[in-house]
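Undergrad: Sharing a structure, written as C-alpha cells. Questions coming.
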Amino acid sequence: MNLQARRIPRDWGLLWRMTLVMALLAGLYLAFITFLNAVGVPWVFIAIIAGLMLGFQYFFSHKLVLWSLGAKEVTPQQYPRLHAMVERLAVQAGMPKPKVAVIHTDIPNALATGRNPKNAVVAVTTGIMRRLDDQELEAVLGHELTHIKNRDVMVITLASFFSVVAAMLTNWLMWALLLGGLRRDERGGMGMVMLVWLVSWLVYIVSQLLILALSRYREYAADYGGAILTGMPSQLASALLKISGAMARIPTEDLRRVEAANAFFIVSALKGETLLELFATHPPVHKRVERLRRLQQRLEWGR
C-alpha cells in the first residue's frame, strides 16, 4: 500500500542556492559588461543585445526546447491516463495543471519547462510510457511538477542566458581572429582582442560551473519534493534505475538529437556525464536512488 501522499514542501536549500547563483552571475556579468565597456564596446550596444536576448530567453526558450524535441501537446481524449495523473498531482500540489505534451521517441525521459506555473508544460516520451508502470510514471510526473512548483525551470533558463551571451561573444571573436575580420590597429591591436576573448571564455566557464552546480541540486530537490507529493520514493528510485538502464542502450546518434534539452530531462541523455560530476547537469543516479531509499525508510518509520 502506498504511503499517504502530501503537499510539496518548500525547499529552502534550493531557494537560497538559486538566489546565490543568480546574485553571483549578476555580479560576474556586471564586471564583464564593465570590462567590455572599458575596452571600447558601447554601453548602448551591450544593453540592446542583452535586452533582446534576455527577453527571447524568458518568453520563447521553453517553446524552442519543446520544438527541438518534436513535442506535441496532447488532449485528455488522446492520453486520458496521462492527463488524469497530471491533474491529480497538480490538484494535490495546489498548483495549476500544466499542459501535457508527448514526444514520439524511444528515448525514455521526461521534462518540465515554462517560465511560470501558469505557462508550464510537462512532456514525456513514448519510450518512458512504454517502460514504466503506472506508479513509476506517476512518481516521474511528481518529480517534474516539483520543478514547476519550485520555479527552478525559470531560474535555470534565465541563468543560462548569461553563459549564452559569453559563448556567443567568444565564438564571434574567435572567427573574427581566424578570418582576419579585425585589423591589428583597431582598439589597441590584436592583443586587446585576445584579452577580450580570454575574459569571455573565463566568464563562460565560471558561469557554466555555477549553473551546473545549481542544476544538479535542483534534481535532488525535485526527487525529494516529487517523492513527498506521491508518497512513493521507492517508485521514483525504481523509475530512475529503469530509465538510466534503458538510456545506456539507446544509440549515441539518437541521444545527440536531444542533447540541447539535456538539462531539462529527469535523467541525463549524455553518456559521458558520470565521468566528471563537476561538469554534469545531473547528479549520479546511484546517489539519487540512495537518497530516495533513505527517504522511504524515514517515511515508513514515521507512519
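Ligands are numbered from 1 in the order shown, residues from 1 within each chain, and chains are lettered A, B, ... in the order they appear in the C-alpha cells.
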Mind the document's chain letters and residue numbers, and return as a PyMOL selection string the residues of stretch 56-265 of chain A that DSSP labels strand (DSSP E).
TA: chain A and resi 72-73+99-103+110-113+121-125
Undergrad: Within 12 Å of stretch 7-26 of chain A, which residues of stretch 80-156 of chain A show up? Give each one with its shortest atom-to-atom distance in Å (one decimal) and the two atoms involved, counting only C-alpha atoms, rows by chain then rising residue number, as JSON lines.
TA:
{"residue": "A:Arg88", "atom": "CA", "partner": "A:Arg7", "partner_atom": "CA", "distance": 11.9}
{"residue": "A:Leu89", "atom": "CA", "partner": "A:Arg7", "partner_atom": "CA", "distance": 9.3}
{"residue": "A:Ala90", "atom": "CA", "partner": "A:Arg7", "partner_atom": "CA", "distance": 9.8}
{"residue": "A:Val91", "atom": "CA", "partner": "A:Arg7", "partner_atom": "CA", "distance": 9.6}
{"residue": "A:Gln92", "atom": "CA", "partner": "A:Arg7", "partner_atom": "CA", "distance": 6.3}
{"residue": "A:Ala93", "atom": "CA", "partner": "A:Arg7", "partner_atom": "CA", "distance": 5.1}
{"residue": "A:Gly94", "atom": "CA", "partner": "A:Arg7", "partner_atom": "CA", "distance": 7.6}
{"residue": "A:Met95", "atom": "CA", "partner": "A:Arg7", "partner_atom": "CA", "distance": 10.3}
{"residue": "A:Gly142", "atom": "CA", "partner": "A:Ile8", "partner_atom": "CA", "distance": 9.2}
{"residue": "A:His143", "atom": "CA", "partner": "A:Ile8", "partner_atom": "CA", "distance": 10.1}
{"residue": "A:Glu144", "atom": "CA", "partner": "A:Ile8", "partner_atom": "CA", "distance": 11.7}
{"residue": "A:Leu145", "atom": "CA", "partner": "A:Ile8", "partner_atom": "CA", "distance": 9.3}
{"residue": "A:Thr146", "atom": "CA", "partner": "A:Ile8", "partner_atom": "CA", "distance": 7.0}
{"residue": "A:His147", "atom": "CA", "partner": "A:Ile8", "partner_atom": "CA", "distance": 10.4}
{"residue": "A:Ile148", "atom": "CA", "partner": "A:Ile8", "partner_atom": "CA", "distance": 11.0}
{"residue": "A:Lys149", "atom": "CA", "partner": "A:Ile8", "partner_atom": "CA", "distance": 8.0}
{"residue": "A:Asn150", "atom": "CA", "partner": "A:Arg10", "partner_atom": "CA", "distance": 7.7}
{"residue": "A:Arg151", "atom": "CA", "partner": "A:Leu15", "partner_atom": "CA", "distance": 9.4}
{"residue": "A:Asp152", "atom": "CA", "partner": "A:Met18", "partner_atom": "CA", "distance": 7.6}
{"residue": "A:Val153", "atom": "CA", "partner": "A:Met18", "partner_atom": "CA", "distance": 10.7}
{"residue": "A:Met154", "atom": "CA", "partner": "A:Met18", "partner_atom": "CA", "distance": 10.4}
{"residue": "A:Val155", "atom": "CA", "partner": "A:Met18", "partner_atom": "CA", "distance": 7.0}
{"residue": "A:Ile156", "atom": "CA", "partner": "A:Met18", "partner_atom": "CA", "distance": 8.6}
Undergrad: Please save N, CA and C atoms of the selected residues as a PDB file, in the first residue's frame.
TA:
ATOM      1  N   ARG A  88      -4.379  15.039 -11.162  1.00  0.00           N
ATOM      2  CA  ARG A  88      -4.467  14.639  -9.760  1.00  0.00           C
ATOM      3  C   ARG A  88      -3.282  15.186  -8.961  1.00  0.00           C
ATOM      4  N   LEU A  89      -2.098  15.094  -9.517  1.00  0.00           N
ATOM      5  CA  LEU A  89      -0.908  15.578  -8.819  1.00  0.00           C
ATOM      6  C   LEU A  89      -0.909  17.102  -8.709  1.00  0.00           C
ATOM      7  N   ALA A  90      -1.377  17.785  -9.746  1.00  0.00           N
ATOM      8  CA  ALA A  90      -1.422  19.245  -9.713  1.00  0.00           C
ATOM      9  C   ALA A  90      -2.392  19.740  -8.632  1.00  0.00           C
ATOM     10  N   VAL A  91      -3.556  19.096  -8.537  1.00  0.00           N
ATOM     11  CA  VAL A  91      -4.525  19.463  -7.501  1.00  0.00           C
ATOM     12  C   VAL A  91      -3.926  19.231  -6.121  1.00  0.00           C
ATOM     13  N   GLN A  92      -3.266  18.108  -5.977  1.00  0.00           N
ATOM     14  CA  GLN A  92      -2.655  17.761  -4.697  1.00  0.00           C
ATOM     15  C   GLN A  92      -1.547  18.734  -4.312  1.00  0.00           C
ATOM     16  N   ALA A  93      -0.812  19.207  -5.324  1.00  0.00           N
ATOM     17  CA  ALA A  93       0.295  20.141  -5.074  1.00  0.00           C
ATOM     18  C   ALA A  93      -0.187  21.573  -4.918  1.00  0.00           C
ATOM     19  N   GLY A  94      -1.477  21.834  -5.190  1.00  0.00           N
ATOM     20  CA  GLY A  94      -2.006  23.182  -5.084  1.00  0.00           C
ATOM     21  C   GLY A  94      -1.477  24.108  -6.152  1.00  0.00           C
ATOM     22  N   MET A  95      -1.411  23.638  -7.396  1.00  0.00           N
ATOM     23  CA  MET A  95      -0.870  24.426  -8.496  1.00  0.00           C
ATOM     24  C   MET A  95      -1.732  24.226  -9.732  1.00  0.00           C
ATOM     25  N   GLY A 142       5.455  13.450 -10.663  1.00  0.00           N
ATOM     26  CA  GLY A 142       5.588  14.210  -9.419  1.00  0.00           C
ATOM     27  C   GLY A 142       6.901  14.962  -9.369  1.00  0.00           C
ATOM     28  N   HIS A 143       7.966  14.340  -9.851  1.00  0.00           N
ATOM     29  CA  HIS A 143       9.283  14.984  -9.939  1.00  0.00           C
ATOM     30  C   HIS A 143       9.201  16.218 -10.834  1.00  0.00           C
ATOM     31  N   GLU A 144       8.575  16.074 -11.991  1.00  0.00           N
ATOM     32  CA  GLU A 144       8.503  17.180 -12.937  1.00  0.00           C
ATOM     33  C   GLU A 144       7.623  18.316 -12.416  1.00  0.00           C
ATOM     34  N   LEU A 145       6.519  17.987 -11.762  1.00  0.00           N
ATOM     35  CA  LEU A 145       5.674  19.036 -11.193  1.00  0.00           C
ATOM     36  C   LEU A 145       6.393  19.787 -10.073  1.00  0.00           C
ATOM     37  N   THR A 146       7.277  19.098  -9.372  1.00  0.00           N
ATOM     38  CA  THR A 146       8.061  19.771  -8.331  1.00  0.00           C
ATOM     39  C   THR A 146       8.985  20.815  -8.943  1.00  0.00           C
ATOM     40  N   HIS A 147       9.569  20.515 -10.099  1.00  0.00           N
ATOM     41  CA  HIS A 147      10.381  21.528 -10.800  1.00  0.00           C
ATOM     42  C   HIS A 147       9.556  22.785 -11.054  1.00  0.00           C
ATOM     43  N   ILE A 148       8.321  22.594 -11.506  1.00  0.00           N
ATOM     44  CA  ILE A 148       7.451  23.740 -11.799  1.00  0.00           C
ATOM     45  C   ILE A 148       7.099  24.483 -10.519  1.00  0.00           C
ATOM     46  N   LYS A 149       6.736  23.729  -9.486  1.00  0.00           N
ATOM     47  CA  LYS A 149       6.367  24.332  -8.207  1.00  0.00           C
ATOM     48  C   LYS A 149       7.526  25.134  -7.615  1.00  0.00           C
ATOM     49  N   ASN A 150       8.734  24.600  -7.737  1.00  0.00           N
ATOM     50  CA  ASN A 150       9.923  25.283  -7.206  1.00  0.00           C
ATOM     51  C   ASN A 150      10.386  26.446  -8.072  1.00  0.00           C
ATOM     52  N   ARG A 151       9.833  26.557  -9.278  1.00  0.00           N
ATOM     53  CA  ARG A 151      10.213  27.601 -10.237  1.00  0.00           C
ATOM     54  C   ARG A 151      11.685  27.537 -10.628  1.00  0.00           C
ATOM     55  N   ASP A 152      12.293  26.381 -10.474  1.00  0.00           N
ATOM     56  CA  ASP A 152      13.710  26.286 -10.828  1.00  0.00           C
ATOM     57  C   ASP A 152      13.922  26.205 -12.335  1.00  0.00           C
ATOM     58  N   VAL A 153      12.863  25.850 -13.089  1.00  0.00           N
ATOM     59  CA  VAL A 153      12.979  25.835 -14.550  1.00  0.00           C
ATOM     60  C   VAL A 153      13.260  27.244 -15.051  1.00  0.00           C
ATOM     61  N   MET A 154      12.505  28.223 -14.547  1.00  0.00           N
ATOM     62  CA  MET A 154      12.704  29.615 -14.945  1.00  0.00           C
ATOM     63  C   MET A 154      14.092  30.099 -14.558  1.00  0.00           C
ATOM     64  N   VAL A 155      14.537  29.755 -13.342  1.00  0.00           N
ATOM     65  CA  VAL A 155      15.837  30.227 -12.875  1.00  0.00           C
ATOM     66  C   VAL A 155      16.965  29.662 -13.731  1.00  0.00           C
ATOM     67  N   ILE A 156      16.893  28.363 -14.053  1.00  0.00           N
ATOM     68  CA  ILE A 156      17.915  27.755 -14.907  1.00  0.00           C
ATOM     69  C   ILE A 156      17.897  28.382 -16.293  1.00  0.00           C
TER      70      ILE A 156
END
Undergrad: Quick one: residues within 12 Å of stretch 274-288 of chain A, only C-alpha atoms, excluding same-chain residues fewer than 4 positions away - as a PyMOL selection string?
TA: chain A and resi 156+205-224+227+233-234+236-245+247-248+259-270+292-295
Undergrad: From the set A:Glu73, A:Glu253, A:Asp133, A:Glu87, which residue has the shortest atom-to-atom contact distance to A:Ile107, counting only C-alpha atoms?
TA: A:Glu253
Undergrad: By how many Å are atom CA of A:Val122 and atom CA of A:Gly51 apart?
TA: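 A separation of 28.0 Å between them.
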Undergrad: For stretch 98-160 of chain A versus stretch 54-71 of chain A, which residues have an atom no more than 8 Å away, and what is each residue's nearest atom pair and distance in Å rounded to one decimal, using only C-alpha atoms, chain-then-number order, as CSV?
TA:
residue,atom,partner,partner_atom,distance
A:Ala101,CA,A:Ala71,CA,5.9
A:Val102,CA,A:Ala71,CA,5.4
A:Ile103,CA,A:Ala71,CA,4.5
A:His104,CA,A:Ala71,CA,7.4
A:Thr113,CA,A:His62,CA,5.6
A:Gly114,CA,A:His62,CA,5.4
A:Arg115,CA,A:Tyr58,CA,6.5
A:Ala123,CA,A:Ala71,CA,7.1
A:Met154,CA,A:Tyr58,CA,7.7
A:Thr157,CA,A:Gln57,CA,7.0
A:Leu158,CA,A:Tyr58,CA,6.6
Undergrad: Report, in Å to a single decimal, how far apart atom CA of A:Val193 and atom CA of A:Leu30 are.
TA: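 For atom CA of A:Leu30 relative to atom CA of A:Val193, the distance reads 19.6 Å.
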Undergrad: Can you pull out every residue within 8 Å of A:Ile128, counting only C-alpha atoms, but drop anything in the same chain fewer than 4 positions away, and send it as a PyMOL selection string?
TA: chain A and resi 106-110+124+132+137+243
Undergrad: What separation in Å, quoted to one decimal, exists between atom CA of A:Thr125 and atom CA of A:Ser160?
TA: 24.4 Å
Undergrad: For A:Ala159, which of A:Arg130, A:Trp43, A:Tyr204, A:Val121 is the closest residue, counting only C-alpha atoms?
TA: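 Going through A:Arg130, A:Trp43, A:Tyr204, A:Val121 one by one, the smallest distance to A:Ala159 is for A:Tyr204.
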Undergrad: For each of A:Arg81, A:Phe45, A:Gly302, A:Lys97, take the minimum atom-to-atom distance to A:Met129, counting only C-alpha atoms, then give the residue where this is smallest.
TA: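 Using only C-alpha atoms, A:Met129 sits closest to A:Arg81.
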Undergrad: Enumerate as an MDAnalysis selection string all residues of stretch 39-112 of chain A assigned to alpha helix (DSSP H) by DSSP on the backbone, naming them with the chain letters and numbers the document uses.
TA: chainID A and resid 43:69 80:93
Undergrad: Let's have the selection written as a compact mmCIF listing (two decimals), in the first residue's frame, with C-alpha atoms.
TA:
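Contents of result.txt, freshly written:
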# COMPACT_ATOMS: atom_id res chain seq x y z
CA TRP A 43 27.04 50.58 -23.38
CA VAL A 44 24.08 51.06 -25.71
CA PHE A 45 25.14 48.15 -27.90
CA ILE A 46 25.60 45.90 -24.85
CA ALA A 47 22.21 46.90 -23.40
CA ILE A 48 20.30 46.34 -26.66
CA ILE A 49 21.83 42.93 -27.35
CA ALA A 50 21.45 41.77 -23.74
CA GLY A 51 17.86 43.03 -23.51
CA LEU A 52 16.78 41.35 -26.73
CA MET A 53 18.40 38.06 -25.81
CA LEU A 54 17.04 38.08 -22.25
CA GLY A 55 13.51 38.77 -23.49
CA PHE A 56 13.77 36.00 -26.05
CA GLN A 57 15.15 33.60 -23.45
CA TYR A 58 12.34 34.37 -21.00
CA PHE A 59 9.40 34.20 -23.40
CA PHE A 60 10.45 31.69 -26.06
CA SER A 61 13.22 29.39 -24.80
CA HIS A 62 10.77 26.78 -23.42
CA LYS A 63 8.98 26.66 -26.77
CA LEU A 64 12.29 26.11 -28.55
CA VAL A 65 13.12 23.22 -26.20
CA LEU A 66 9.81 21.50 -26.97
CA TRP A 67 10.11 22.26 -30.68
CA SER A 68 13.64 20.81 -30.83
CA LEU A 69 12.32 17.57 -29.32
CA PRO A 80 -6.61 10.08 -20.69
CA ARG A 81 -4.40 8.15 -18.24
CA LEU A 82 -1.52 10.61 -18.57
CA HIS A 83 -3.78 13.64 -18.16
CA ALA A 84 -5.51 12.09 -15.15
CA MET A 85 -2.18 11.57 -13.39
CA VAL A 86 -1.00 15.12 -14.07
CA GLU A 87 -4.32 16.64 -12.99
CA ARG A 88 -4.47 14.64 -9.76
CA LEU A 89 -0.91 15.58 -8.82
CA ALA A 90 -1.42 19.24 -9.71
CA VAL A 91 -4.52 19.46 -7.50
CA GLN A 92 -2.65 17.76 -4.70
CA ALA A 93 0.29 20.14 -5.07
Undergrad: Counting only C-alpha atoms, which residue out of A:Thr126, A:Gln296, A:Asn37, A:Gln235 sits closest to A:Lys72?
TA: A:Thr126
